[in-house]
Amino acid sequence: MKTIKLKKGLNIEVSGKATLHIAPMSQPEMVAIVPDDFKGITPKVAIKEGDTVKAGSAILFDKHHPELKIVSPVSGTVVEVARGERRKLLYISVKRDIETTYEKFNKIDLNADRQEILNILLETGFSALIRQRPYDVIANPTIFPKAIFVSAFDSAPLAPDYNFILKGQASNVQAGLSVLAKLTEGKVYYSISPDTSAELKNMKDVDINEFIGAHPAGNVGVQINHLNPINKGEVVWTLNIQDVALLGRFANTGIVDLTKTIALAGPEVIEPTYIKTISGTAIAAITNCNIAKGIKVRYINGDVLSGTQTFENGSLSPFANLISVIAEGDTADEFIGWAMPRLNKFSNSNLFATKIIRKLFPKKQFDFDARILGGKRAFIMSGEMEKVFPMDIMPEQLLKAMITKNLDKMEQLGAYEVAPEDFGLCEFVCTSKIELQKIVGDSLDYMRKELE
Amino acid sequence: MKFLKNIVDKLEPTFSEGGKLAKLHSVFDGFKTFLFVPNHTAKSGAHIHDAIDSKRTMITVVLALVPALLFGMWNVGYQHFLAIGQDANFWTQFAFGLLAVLPTLVVSYVVGLGIEFIIAQIKGEEIQEGFLVTGFLIPLIVPVDTPLWMIAVATAFAVIFAKEVFGGTGYNIFNVALVTRAFLFFAYPTAMSGDHVWVRTRDAFWWGAGEPINAFSGATPLGQLATSSESTTILHNIMGNPSSFLDAFLGLIPGSVGETSTLAILLGAILLIVTNIASWKTMLSVFLGGAFMGLIFNIWGPDSAIANLPWYEHLVLGGFAFGAVFMATDPVTSARTETGKWIYGFLIGVMAIVIRVLNPGYPEGMMLAILLMNIFGCLIDYYVVQSNITKRLKRTTIK
């Protein structure tokens with residue numbers, strides 16, 4: 001085990017962290033499968049409206065890799081295949097049965113050959129939860145990775161506590177990791193933090209490393225960069241630890257039970273808490289009157305730095321283990337903000353007295369809203385991104401290569417190693433309020449289109 | 001605030017597209033965001049943002065320049081009354097300097113911001129804050145007697161040809177304020193150099209007129225050194241009395257308005273370093289470079305007065321400290337990588353002293369040194385970035 005100390009980074013204490021307690025929730029009638037959540041695939045529908053499906057039945061498959069399936073998390077009847085402009089697939093909604101029935105699958109035999117194990121994952125929809133780098137898309141099932149990365153902790157603002165979520169599930173996590181270990185020639189890198197609980201700390205079949213430091217220490221991107229960086233032509237896979245546990249549950253029981261625990265947190269949540277649910281559940285059912293009234297709020301699938309915005313009628317993304325709720329703030333008016341002390345505002349710069357307050361009380365929490373708090377400008381300040389970017393990559397120069405669509409430079413400066421989420425903090429601290437994650441996301445798409 | 005907000009909201013339609021004054025939208029937007037923090041919300045990416053923005057950043061730099069400006073104003077008055085042989089108290093000296101310097105500041109802001117407003121409107125963009133700093137720098141780096149029309153022409157030239165043609169704040173290659181000065185220096189050399197421009201001997205707004213007394217000589221210390229034919233020179237003030245290191249450090253010497261007092265400049269430097277707006281690495285390395293080169297000339301240099309000037313005096317004379325603190329650290333035109341900043345700053349210090357000592361034409365080297373390094377900043381970054389690229393390439397070949 002290596003211990004890696006990161007000096008760069010930033011912990012943002014957002015108010016409304018979920019308390020370690022699972023709130024009861026009545027499971028809603030409908031779940032939605034949203035193809036847009038699965039980045040990088042071209043979705044094709046495998047069912048028709050009115051079909052009955054079981055938990056684990058294929059709903060969608062990828063046009064380019066038909067063996068890659070996305071499955072229904074519940075059993076029930078397909079109610080709607082909703083399409084938008086130019087017949088773009090928006091979502092598929094399934095009305096669930098009272099009693100869940102499960103699709104029958106072969107159990108995973110760990111002694112079987114690599115392709116056979118992968119085939120089961122493709123069939124059961126678990127491979128659609130695996131992401132690959134380069135390009136940060138759903139893993140291409142035709143290329144086995146040189147390594148697989150799993151982070152046992154999340155360091156983002158309001159991040160769910162996996163020690164709590166996965167309490168008593170160490171055997172599932174272990175089973176999942178053992179399956180992953182069969183999928184690569186190389187290692188499965190399992191990264192823990194000093195706070196990781198004892199039961200999650202001791203795993204077999206994996207290379208365990210400890211990361212100490214502020215966010216983004218828990219991001220797989222940072223861990224990849226420190227442990228086994230991606231070179232041209234190489235592929236690594238990443239999988240969220242709760243999804244590893246779901247995979248392990250399947251390996252142990254043989255059924256696709258996608259029930260998971262997520263956090264509902266943020267300044268506008270009345271009682272921030274954990275909830276047991278299933279991805280595809282409507283946001284309104286999850287928040288269930290637990291949101292401050294009378295103000296416009298923003299719902300986020302994921303954390304406030306790199307999550308995606310959703311709405312009350314949206315649904316929980318399969319890739320989110322957290323729903324963050326913050327005020328929209330578009331009606332707030334701060335008088336001459338450039339001159340005021342603004343003692344309620346968080347800043348990583350030294351232009352606000354709150355920096356001193358935070359030094360004295362590091363746990364002081366701040367309310368945030370969705371304002372960008374400034375005008376958009378060209379790159380002016382230098383060195384500010386580098387302070388929160390603990391990778392051996394020059395963020396500003398890489399971003400400039402991306403803005404100018406210079407493929408050679410992107411490749412040379414490490415574009416294969418990054419995902420938009422790695423730039424979440426950079427975007428947060430940027431004085432010029434540039435949409436960095438959008439630049440990275442668009443550029444990775446562009447690169448993939450040009451190079452694949 | 002509610003009352004102001006109501007006015008702004010009421011005026012908004014007039015200045016928006018389709019309104020009567022839509023042509024002034026950028027100006028309106030400029031004032032609106034000056035009064036209220038814009039309430040645009042994140043459309044993509046991070047949903048929360050740091051409270052820092054470019055307005056607060058630029059205002060901090062302006063604040064850092066205030067000690068140099070105030071001291072400069074007082075010094076203009078002090079030198080004036082010294083030259084005409086009148087006794088004057090502190091406030092009279094300051095008031096005279098204020099009257100002498102204020103028109104320059106006004107002209108610089110009116111011309112520069114005017115052009116910025118017009119170009120922002122043509123491009124349909126928000127007004128950028130960069131000129132708040134540039135406009136404040138210009139009066140501080142010119143001799144007090146520079147005619148206002150020259151300042152207007154030079155400012156217009158610099159804003160248009162050094163900044164806007166490149167795309168505006170953040171895209172310029174050269175420091176805009178220094179281009180203003182360089183334009184003045186080469187287009188109107190008689191108004192920018194010599195012995196007669198550094199001390200205001202005539203009146204300011206028909207007040208404080210007088211004749212310089214006989215012993216008066218308006219040469220700056222660097223000017224005295226450059227014209228000296230001996231191998232050592234005792235520096236003197238404008239009255240012919242010896243002038244010490246302390247005088248130069250405090251700023252009781254003639255020179256461009258804001259550059260004379262190293263003490264006032266250091267106060268600004270402290271603010272910039274504490275707030276982390278300017279890079280301490282660049283600042284420190286400029287001083288290191290200057291000291292290094294000064295020392296080299298002290299030991300091996302030619303036997304001239306300027307080469308024999310003790311290295312530490314170089315750092316407090318002329319525009320060296322001002323350039324190091326406020327010009328070299330301009331993030332846009334400086335090297336942008338952390339390693340690059342050390343090299344960039346060091347070379348500015350070295351070049352400034354080299355120009356001072358070896359070039360008989362220009363007694364001051366800071367302006368040219370920084371402009372020269374503005375070009376090389378990109379080149380330095382190129383090599384720093386290249387080392388990252390090479391490292392990544394090596395990673396693949398080792399296996």
# chains A, B, ... in the order shown; residues from 1 in each chain; ligands from 1
>>> residues_around(residues="B:Gly290", least_positions_apart="6", cutoff="10 Å", atoms="only C-alpha atoms", output="JSON, numbers by chain")
{"B": [284, 296, 311, 312, 314, 315, 320, 321, 324, 345, 346, 347, 348, 349, 350, 351, 352, 353, 354]}
>>> select_by_dssp(residues="stretch 228-395 of chain A", states="alpha helix (DSSP H)", output="list in words")
Ile241, Gln242, Asp243, Val244, Ala245, Leu246, Leu247, Gly248, Arg249, Phe250, Ala251, Asn252, Thr253, Ile283, Ala284, Ala285, Ile286, Thr287, Thr354, Lys355, Ile356, Ile357, Arg358, Lys359, Leu360 and Pro395 of chain A
>>> write_last_selection(atoms="N, CA and C atoms", output="mmCIF file, in the first residue's frame")
data_model
loop_
_atom_site.group_PDB
_atom_site.id
_atom_site.type_symbol
_atom_site.label_atom_id
_atom_site.label_comp_id
_atom_site.auth_asym_id
_atom_site.auth_seq_id
_atom_site.Cartn_x
_atom_site.Cartn_y
_atom_site.Cartn_z
ATOM 1 N N ILE A 241 -17.943 2.934 -6.299
ATOM 2 C CA ILE A 241 -17.868 1.842 -5.328
ATOM 3 C C ILE A 241 -19.237 1.258 -4.994
ATOM 4 N N GLN A 242 -20.284 2.086 -5.012
ATOM 5 C CA GLN A 242 -21.608 1.511 -4.744
ATOM 6 C C GLN A 242 -22.041 0.598 -5.893
ATOM 7 N N ASP A 243 -21.646 0.970 -7.114
ATOM 8 C CA ASP A 243 -21.953 0.103 -8.249
ATOM 9 C C ASP A 243 -21.153 -1.198 -8.160
ATOM 10 N N VAL A 244 -19.942 -1.097 -7.609
ATOM 11 C CA VAL A 244 -19.164 -2.318 -7.364
ATOM 12 C C VAL A 244 -19.941 -3.220 -6.408
ATOM 13 N N ALA A 245 -20.545 -2.609 -5.378
ATOM 14 C CA ALA A 245 -21.314 -3.387 -4.411
ATOM 15 C C ALA A 245 -22.549 -4.012 -5.080
ATOM 16 N N LEU A 246 -23.191 -3.265 -5.992
ATOM 17 C CA LEU A 246 -24.351 -3.818 -6.709
ATOM 18 C C LEU A 246 -23.925 -5.022 -7.547
ATOM 19 N N LEU A 247 -22.775 -4.852 -8.213
ATOM 20 C CA LEU A 247 -22.238 -5.948 -9.010
ATOM 21 C C LEU A 247 -21.944 -7.151 -8.115
ATOM 22 N N GLY A 248 -21.364 -6.860 -6.936
ATOM 23 C CA GLY A 248 -21.048 -7.928 -5.986
ATOM 24 C C GLY A 248 -22.315 -8.609 -5.491
ATOM 25 N N ARG A 249 -23.362 -7.832 -5.288
ATOM 26 C CA ARG A 249 -24.640 -8.404 -4.845
ATOM 27 C C ARG A 249 -25.146 -9.394 -5.897
ATOM 28 N N PHE A 250 -24.993 -8.994 -7.165
ATOM 29 C CA PHE A 250 -25.387 -9.906 -8.237
ATOM 30 C C PHE A 250 -24.515 -11.159 -8.230
ATOM 31 N N ALA A 251 -23.212 -10.961 -8.041
ATOM 32 C CA ALA A 251 -22.312 -12.109 -8.036
ATOM 33 C C ALA A 251 -22.648 -13.059 -6.890
ATOM 34 N N ASN A 252 -23.075 -12.496 -5.772
ATOM 35 C CA ASN A 252 -23.398 -13.321 -4.608
ATOM 36 C C ASN A 252 -24.771 -13.971 -4.696
ATOM 37 N N THR A 253 -25.748 -13.259 -5.269
ATOM 38 C CA THR A 253 -27.127 -13.759 -5.220
ATOM 39 C C THR A 253 -27.659 -14.212 -6.567
ATOM 40 N N ILE A 283 -37.293 12.760 -9.187
ATOM 41 C CA ILE A 283 -36.671 13.630 -8.187
ATOM 42 C C ILE A 283 -37.716 14.067 -7.155
ATOM 43 N N ALA A 284 -38.914 14.374 -7.623
ATOM 44 C CA ALA A 284 -39.958 14.845 -6.708
ATOM 45 C C ALA A 284 -40.250 13.808 -5.637
ATOM 46 N N ALA A 285 -40.204 12.528 -6.007
ATOM 47 C CA ALA A 285 -40.480 11.484 -5.028
ATOM 48 C C ALA A 285 -39.356 11.393 -4.004
ATOM 49 N N ILE A 286 -38.121 11.690 -4.445
ATOM 50 C CA ILE A 286 -36.982 11.618 -3.528
ATOM 51 C C ILE A 286 -36.975 12.805 -2.576
ATOM 52 N N THR A 287 -37.231 13.991 -3.128
ATOM 53 C CA THR A 287 -37.181 15.183 -2.277
ATOM 54 C C THR A 287 -38.421 15.256 -1.390
ATOM 55 N N THR A 354 -13.434 36.006 4.636
ATOM 56 C CA THR A 354 -13.860 34.654 5.004
ATOM 57 C C THR A 354 -12.702 33.669 4.932
ATOM 58 N N LYS A 355 -11.663 34.026 4.196
ATOM 59 C CA LYS A 355 -10.499 33.149 4.127
ATOM 60 C C LYS A 355 -9.882 32.986 5.518
ATOM 61 N N ILE A 356 -9.814 34.107 6.250
ATOM 62 C CA ILE A 356 -9.263 34.044 7.612
ATOM 63 C C ILE A 356 -10.220 33.276 8.521
ATOM 64 N N ILE A 357 -11.511 33.558 8.380
ATOM 65 C CA ILE A 357 -12.516 32.862 9.191
ATOM 66 C C ILE A 357 -12.415 31.356 8.942
ATOM 67 N N ARG A 358 -12.195 30.983 7.692
ATOM 68 C CA ARG A 358 -12.115 29.550 7.374
ATOM 69 C C ARG A 358 -10.850 28.919 7.947
ATOM 70 N N LYS A 359 -9.776 29.740 8.020
ATOM 71 C CA LYS A 359 -8.539 29.220 8.625
ATOM 72 C C LYS A 359 -8.784 28.896 10.094
ATOM 73 N N LEU A 360 -9.550 29.789 10.759
ATOM 74 C CA LEU A 360 -9.807 29.598 12.190
ATOM 75 C C LEU A 360 -10.841 28.506 12.431
ATOM 76 N N PRO A 395 -3.231 22.482 -16.432
ATOM 77 C CA PRO A 395 -4.638 22.652 -16.785
ATOM 78 C C PRO A 395 -4.888 23.789 -17.780
#
>>> closest_atom_pairs(of="chain B", to="chain A", cutoff="8 Å", atoms="only C-alpha atoms", output="JSON lines")
{"residue": "B:Met1", "atom": "CA", "partner": "A:Phe335", "partner_atom": "CA", "distance": 6.8}
{"residue": "B:Thr33", "atom": "CA", "partner": "A:Ile336", "partner_atom": "CA", "distance": 8.0}
{"residue": "B:Phe34", "atom": "CA", "partner": "A:Ile336", "partner_atom": "CA", "distance": 6.1}
{"residue": "B:Leu35", "atom": "CA", "partner": "A:Ile336", "partner_atom": "CA", "distance": 4.7}
{"residue": "B:Phe36", "atom": "CA", "partner": "A:Phe335", "partner_atom": "CA", "distance": 4.6}
{"residue": "B:Val37", "atom": "CA", "partner": "A:Glu334", "partner_atom": "CA", "distance": 5.2}
{"residue": "B:Pro38", "atom": "CA", "partner": "A:Gly374", "partner_atom": "CA", "distance": 5.9}
{"residue": "B:Asn39", "atom": "CA", "partner": "A:Asp330", "partner_atom": "CA", "distance": 5.0}
{"residue": "B:His40", "atom": "CA", "partner": "A:Arg371", "partner_atom": "CA", "distance": 5.6}
{"residue": "B:Thr41", "atom": "CA", "partner": "A:Arg371", "partner_atom": "CA", "distance": 4.0}
{"residue": "B:Ala42", "atom": "CA", "partner": "A:Ile372", "partner_atom": "CA", "distance": 5.7}
{"residue": "B:Ser44", "atom": "CA", "partner": "A:Lys438", "partner_atom": "CA", "distance": 6.5}
{"residue": "B:Gly45", "atom": "CA", "partner": "A:Gln437", "partner_atom": "CA", "distance": 5.1}
{"residue": "B:Ala46", "atom": "CA", "partner": "A:Leu305", "partner_atom": "CA", "distance": 4.2}
{"residue": "B:His47", "atom": "CA", "partner": "A:Ala370", "partner_atom": "CA", "distance": 5.2}
{"residue": "B:Ile48", "atom": "CA", "partner": "A:Ala370", "partner_atom": "CA", "distance": 5.2}
{"residue": "B:His49", "atom": "CA", "partner": "A:Phe428", "partner_atom": "CA", "distance": 4.5}
{"residue": "B:Asp50", "atom": "CA", "partner": "A:Ser347", "partner_atom": "CA", "distance": 5.0}
{"residue": "B:Ala51", "atom": "CA", "partner": "A:Ser347", "partner_atom": "CA", "distance": 5.4}
{"residue": "B:Ile52", "atom": "CA", "partner": "A:Thr431", "partner_atom": "CA", "distance": 5.7}
{"residue": "B:Asp53", "atom": "CA", "partner": "A:Thr431", "partner_atom": "CA", "distance": 4.8}
{"residue": "B:Ser54", "atom": "CA", "partner": "A:Thr431", "partner_atom": "CA", "distance": 5.9}
{"residue": "B:Lys55", "atom": "CA", "partner": "A:Trp338", "partner_atom": "CA", "distance": 5.8}
{"residue": "B:Arg56", "atom": "CA", "partner": "A:Trp338", "partner_atom": "CA", "distance": 4.5}
{"residue": "B:Thr57", "atom": "CA", "partner": "A:Leu351", "partner_atom": "CA", "distance": 7.8}
{"residue": "B:Ile59", "atom": "CA", "partner": "A:Trp338", "partner_atom": "CA", "distance": 7.7}
{"residue": "B:Glu126", "atom": "CA", "partner": "A:Gly375", "partner_atom": "CA", "distance": 7.8}
{"residue": "B:Gln128", "atom": "CA", "partner": "A:Arg377", "partner_atom": "CA", "distance": 7.5}
{"residue": "B:Thr169", "atom": "CA", "partner": "A:Ala378", "partner_atom": "CA", "distance": 7.1}
{"residue": "B:Gly170", "atom": "CA", "partner": "A:Ile380", "partner_atom": "CA", "distance": 5.1}
{"residue": "B:Tyr171", "atom": "CA", "partner": "A:Ala378", "partner_atom": "CA", "distance": 7.4}
{"residue": "B:Val274", "atom": "CA", "partner": "A:Asn350", "partner_atom": "CA", "distance": 7.1}
{"residue": "B:Thr275", "atom": "CA", "partner": "A:Asn350", "partner_atom": "CA", "distance": 4.5}
{"residue": "B:Asn276", "atom": "CA", "partner": "A:Asn350", "partner_atom": "CA", "distance": 6.3}
{"residue": "B:Ile277", "atom": "CA", "partner": "A:Met381", "partner_atom": "CA", "distance": 7.9}
{"residue": "B:Pro331", "atom": "CA", "partner": "A:Met381", "partner_atom": "CA", "distance": 5.6}
{"residue": "B:Val332", "atom": "CA", "partner": "A:Ile380", "partner_atom": "CA", "distance": 5.5}
{"residue": "B:Arg336", "atom": "CA", "partner": "A:Ser382", "partner_atom": "CA", "distance": 5.6}
{"residue": "B:Thr337", "atom": "CA", "partner": "A:Gly383", "partner_atom": "CA", "distance": 7.1}
{"residue": "B:Glu338", "atom": "CA", "partner": "A:Gly383", "partner_atom": "CA", "distance": 7.0}
{"residue": "B:Val385", "atom": "CA", "partner": "A:Met394", "partner_atom": "CA", "distance": 7.6}
{"residue": "B:Asn388", "atom": "CA", "partner": "A:Leu413", "partner_atom": "CA", "distance": 7.3}
{"residue": "B:Ile389", "atom": "CA", "partner": "A:Gln412", "partner_atom": "CA", "distance": 5.4}
{"residue": "B:Arg392", "atom": "CA", "partner": "A:Gln412", "partner_atom": "CA", "distance": 7.2}
{"residue": "B:Leu393", "atom": "CA", "partner": "A:Gln412", "partner_atom": "CA", "distance": 7.6}
{"residue": "B:Arg395", "atom": "CA", "partner": "A:Asn231", "partner_atom": "CA", "distance": 7.5}
{"residue": "B:Thr396", "atom": "CA", "partner": "A:Asn231", "partner_atom": "CA", "distance": 6.2}
>>> atom_distance(atom1="atom CA of B:Val197", atom2="atom CA of B:Gly251")
17.0 Å
>>> closest_residue(among="A:Thr3, A:Ser197, A:Asn11, A:Thr184", to="A:Pro362", atoms="only C-alpha atoms")
A:Asn11
>>> residues_around(residues="stretch 365-367 of chain B", least_positions_apart="3", cutoff="12 Å", atoms="only C-alpha atoms", output="number ranges by chain")
B: 141-142, 174-185, 222-223, 226, 259, 286-287, 290, 314-315, 317-328, 345, 347-362, 370-374
>>> write_last_selection(atoms="C-alpha atoms", output="JSON list (two decimals), in the first residue's frame")
[["chain", "number", "residue", "atom", "x", "y", "z"],
["B", 141, "ILE", "CA", 4.69, 56.26, -15.23],
["B", 142, "VAL", "CA", 4.96, 59.52, -17.15],
["B", 174, "PHE", "CA", 2.26, 43.72, -24.37],
["B", 175, "ASN", "CA", 1.46, 45.53, -21.17],
["B", 176, "VAL", "CA", -0.88, 48.29, -22.31],
["B", 177, "ALA", "CA", 0.36, 50.96, -19.92],
["B", 178, "LEU", "CA", 3.94, 50.33, -20.97],
["B", 179, "VAL", "CA", 3.00, 50.57, -24.63],
["B", 180, "THR", "CA", 1.51, 53.97, -23.82],
["B", 181, "ARG", "CA", 4.79, 55.00, -22.29],
["B", 182, "ALA", "CA", 6.85, 53.52, -25.09],
["B", 183, "PHE", "CA", 4.74, 55.38, -27.63],
["B", 184, "LEU", "CA", 5.33, 58.65, -25.79],
["B", 185, "PHE", "CA", 9.00, 57.86, -25.40],
["B", 222, "LEU", "CA", 19.74, 58.01, -13.42],
["B", 223, "GLY", "CA", 20.00, 60.98, -15.79],
["B", 226, "ALA", "CA", 24.12, 58.56, -17.63],
["B", 259, "GLU", "CA", 7.92, 55.56, -9.47],
["B", 286, "VAL", "CA", 12.95, 40.78, -10.82],
["B", 287, "PHE", "CA", 14.74, 42.17, -7.77],
["B", 290, "GLY", "CA", 18.52, 43.32, -10.95],
["B", 314, "HIS", "CA", 19.80, 50.32, -8.83],
["B", 315, "LEU", "CA", 16.81, 48.76, -7.12],
["B", 317, "LEU", "CA", 16.26, 54.35, -8.53],
["B", 318, "GLY", "CA", 14.09, 55.03, -11.55],
["B", 319, "GLY", "CA", 11.23, 52.75, -12.41],
["B", 320, "PHE", "CA", 12.83, 49.51, -11.26],
["B", 321, "ALA", "CA", 10.69, 48.84, -8.19],
["B", 322, "PHE", "CA", 7.52, 50.13, -9.82],
["B", 323, "GLY", "CA", 8.06, 47.93, -12.86],
["B", 324, "ALA", "CA", 8.86, 44.90, -10.73],
["B", 325, "VAL", "CA", 5.76, 45.22, -8.58],
["B", 326, "PHE", "CA", 3.09, 46.50, -10.94],
["B", 327, "MET", "CA", 4.22, 45.84, -14.52],
["B", 328, "ALA", "CA", 6.18, 42.61, -14.53],
["B", 345, "GLY", "CA", 11.20, 37.97, -13.63],
["B", 347, "LEU", "CA", 15.53, 38.16, -16.97],
["B", 348, "ILE", "CA", 13.55, 41.40, -16.62],
["B", 349, "GLY", "CA", 15.81, 42.43, -13.74],
["B", 350, "VAL", "CA", 18.93, 41.48, -15.69],
["B", 351, "MET", "CA", 17.84, 43.21, -18.89],
["B", 352, "ALA", "CA", 16.82, 46.40, -17.10],
["B", 353, "ILE", "CA", 20.27, 46.81, -15.58],
["B", 354, "VAL", "CA", 22.02, 45.81, -18.81],
["B", 355, "ILE", "CA", 20.12, 48.51, -20.71],
["B", 356, "ARG", "CA", 20.80, 51.07, -17.99],
["B", 357, "VAL", "CA", 24.52, 50.39, -17.91],
["B", 358, "LEU", "CA", 25.46, 49.55, -21.47],
["B", 359, "ASN", "CA", 23.12, 51.76, -23.46],
["B", 360, "PRO", "CA", 24.22, 55.37, -23.52],
["B", 361, "GLY", "CA", 20.96, 56.54, -25.08],
["B", 362, "TYR", "CA", 18.46, 55.57, -22.40],
["B", 370, "ILE", "CA", 9.59, 44.44, -19.54],
["B", 371, "LEU", "CA", 8.33, 44.99, -23.09],
["B", 372, "LEU", "CA", 11.11, 42.77, -24.38],
["B", 373, "MET", "CA", 10.31, 40.05, -21.88],
["B", 374, "ASN", "CA", 6.59, 40.32, -22.69]]
>>> residues_around(residues="A:Gln115", least_positions_apart="4", cutoff="9 Å", atoms="only C-alpha atoms", output="number ranges by chain")
A: 119-120, 183
>>> write_last_selection(atoms="C-alpha atoms", output="compact mmCIF listing (two decimals), in the first residue's frame")
# COMPACT_ATOMS: atom_id res chain seq x y z
CA ASN A 119 -20.55 -11.27 -21.44
CA ILE A 120 -22.52 -11.73 -18.25
CA LEU A 183 -11.54 -8.23 -16.36
>>> atom_distance(atom1="atom CA of B:Thr104", atom2="atom CA of B:Ile138")
8.2 Å
>>> residues_around(residues="B:Gly112", least_positions_apart="3", cutoff="12 Å", atoms="only C-alpha atoms", output="number ranges by chain")
B: 104-109, 115-119, 127-138, 151-160, 163-164, 176-177, 180
>>> write_last_selection(atoms="C-alpha atoms", output="PDB file, in the first residue's frame")
ATOM      1  CA  THR B 104      -3.424  63.273 -16.437  1.00  0.00           C
ATOM      2  CA  LEU B 105      -5.466  60.704 -14.557  1.00  0.00           C
ATOM      3  CA  VAL B 106      -8.715  62.109 -15.898  1.00  0.00           C
ATOM      4  CA  VAL B 107      -7.455  62.238 -19.485  1.00  0.00           C
ATOM      5  CA  SER B 108      -6.113  58.705 -19.303  1.00  0.00           C
ATOM      6  CA  TYR B 109      -9.394  57.317 -17.948  1.00  0.00           C
ATOM      7  CA  ILE B 115     -12.546  53.605 -26.415  1.00  0.00           C
ATOM      8  CA  GLU B 116     -13.273  50.504 -24.331  1.00  0.00           C
ATOM      9  CA  PHE B 117     -16.973  51.417 -24.089  1.00  0.00           C
ATOM     10  CA  ILE B 118     -17.254  51.970 -27.822  1.00  0.00           C
ATOM     11  CA  ILE B 119     -15.462  48.752 -28.733  1.00  0.00           C
ATOM     12  CA  ILE B 127     -17.138  46.107 -20.656  1.00  0.00           C
ATOM     13  CA  GLN B 128     -13.926  44.604 -19.354  1.00  0.00           C
ATOM     14  CA  GLU B 129     -12.229  45.883 -16.252  1.00  0.00           C
ATOM     15  CA  GLY B 130      -8.620  45.703 -17.441  1.00  0.00           C
ATOM     16  CA  PHE B 131      -8.415  49.395 -18.215  1.00  0.00           C
ATOM     17  CA  LEU B 132      -9.255  50.344 -14.634  1.00  0.00           C
ATOM     18  CA  VAL B 133      -5.708  49.310 -13.808  1.00  0.00           C
ATOM     19  CA  THR B 134      -4.088  50.534 -17.032  1.00  0.00           C
ATOM     20  CA  GLY B 135      -5.722  53.942 -16.735  1.00  0.00           C
ATOM     21  CA  PHE B 136      -4.406  54.264 -13.205  1.00  0.00           C
ATOM     22  CA  LEU B 137      -0.907  53.183 -14.189  1.00  0.00           C
ATOM     23  CA  ILE B 138      -0.482  55.650 -17.039  1.00  0.00           C
ATOM     24  CA  ILE B 151      -1.260  61.332 -23.078  1.00  0.00           C
ATOM     25  CA  ALA B 152      -4.570  61.193 -24.934  1.00  0.00           C
ATOM     26  CA  VAL B 153      -2.949  60.189 -28.222  1.00  0.00           C
ATOM     27  CA  ALA B 154      -0.665  57.622 -26.608  1.00  0.00           C
ATOM     28  CA  THR B 155      -3.463  56.081 -24.536  1.00  0.00           C
ATOM     29  CA  ALA B 156      -5.685  55.781 -27.588  1.00  0.00           C
ATOM     30  CA  PHE B 157      -2.858  54.197 -29.554  1.00  0.00           C
ATOM     31  CA  ALA B 158      -2.066  51.697 -26.826  1.00  0.00           C
ATOM     32  CA  VAL B 159      -5.648  50.685 -26.105  1.00  0.00           C
ATOM     33  CA  ILE B 160      -6.461  50.163 -29.752  1.00  0.00           C
ATOM     34  CA  LYS B 163      -5.041  45.533 -26.732  1.00  0.00           C
ATOM     35  CA  GLU B 164      -8.237  45.710 -28.733  1.00  0.00           C
ATOM     36  CA  VAL B 176      -0.879  48.288 -22.315  1.00  0.00           C
ATOM     37  CA  ALA B 177       0.359  50.955 -19.917  1.00  0.00           C
ATOM     38  CA  THR B 180       1.512  53.971 -23.818  1.00  0.00           C
TER      39      THR B 180
END
>>> atom_distance(atom1="atom CA of B:Thr227", atom2="atom CA of B:Pro310")
17.3 Å
>>> decode(residues="stretch 112-119 of chain B", atoms="N, CA and C atoms", output="PDB file, in the first residue's frame")
ATOM      1  N   GLY B 112      -9.242  56.257 -22.483  1.00  0.00           N
ATOM      2  CA  GLY B 112      -9.158  54.794 -22.507  1.00  0.00           C
ATOM      3  C   GLY B 112     -10.508  54.139 -22.322  1.00  0.00           C
ATOM      4  N   LEU B 113     -11.229  54.578 -21.289  1.00  0.00           N
ATOM      5  CA  LEU B 113     -12.538  53.956 -21.041  1.00  0.00           C
ATOM      6  C   LEU B 113     -13.500  54.267 -22.175  1.00  0.00           C
ATOM      7  N   GLY B 114     -13.391  55.490 -22.735  1.00  0.00           N
ATOM      8  CA  GLY B 114     -14.250  55.839 -23.874  1.00  0.00           C
ATOM      9  C   GLY B 114     -14.079  54.833 -24.994  1.00  0.00           C
ATOM     10  N   ILE B 115     -12.817  54.560 -25.338  1.00  0.00           N
ATOM     11  CA  ILE B 115     -12.546  53.605 -26.415  1.00  0.00           C
ATOM     12  C   ILE B 115     -13.052  52.214 -26.027  1.00  0.00           C
ATOM     13  N   GLU B 116     -12.820  51.830 -24.782  1.00  0.00           N
ATOM     14  CA  GLU B 116     -13.273  50.504 -24.331  1.00  0.00           C
ATOM     15  C   GLU B 116     -14.798  50.385 -24.449  1.00  0.00           C
ATOM     16  N   PHE B 117     -15.506  51.435 -24.033  1.00  0.00           N
ATOM     17  CA  PHE B 117     -16.973  51.417 -24.089  1.00  0.00           C
ATOM     18  C   PHE B 117     -17.438  51.238 -25.528  1.00  0.00           C
ATOM     19  N   ILE B 118     -16.824  52.023 -26.423  1.00  0.00           N
ATOM     20  CA  ILE B 118     -17.254  51.970 -27.822  1.00  0.00           C
ATOM     21  C   ILE B 118     -16.991  50.579 -28.400  1.00  0.00           C
ATOM     22  N   ILE B 119     -15.801  50.058 -28.144  1.00  0.00           N
ATOM     23  CA  ILE B 119     -15.462  48.752 -28.733  1.00  0.00           C
ATOM     24  C   ILE B 119     -16.314  47.642 -28.131  1.00  0.00           C
TER      25      ILE B 119
END
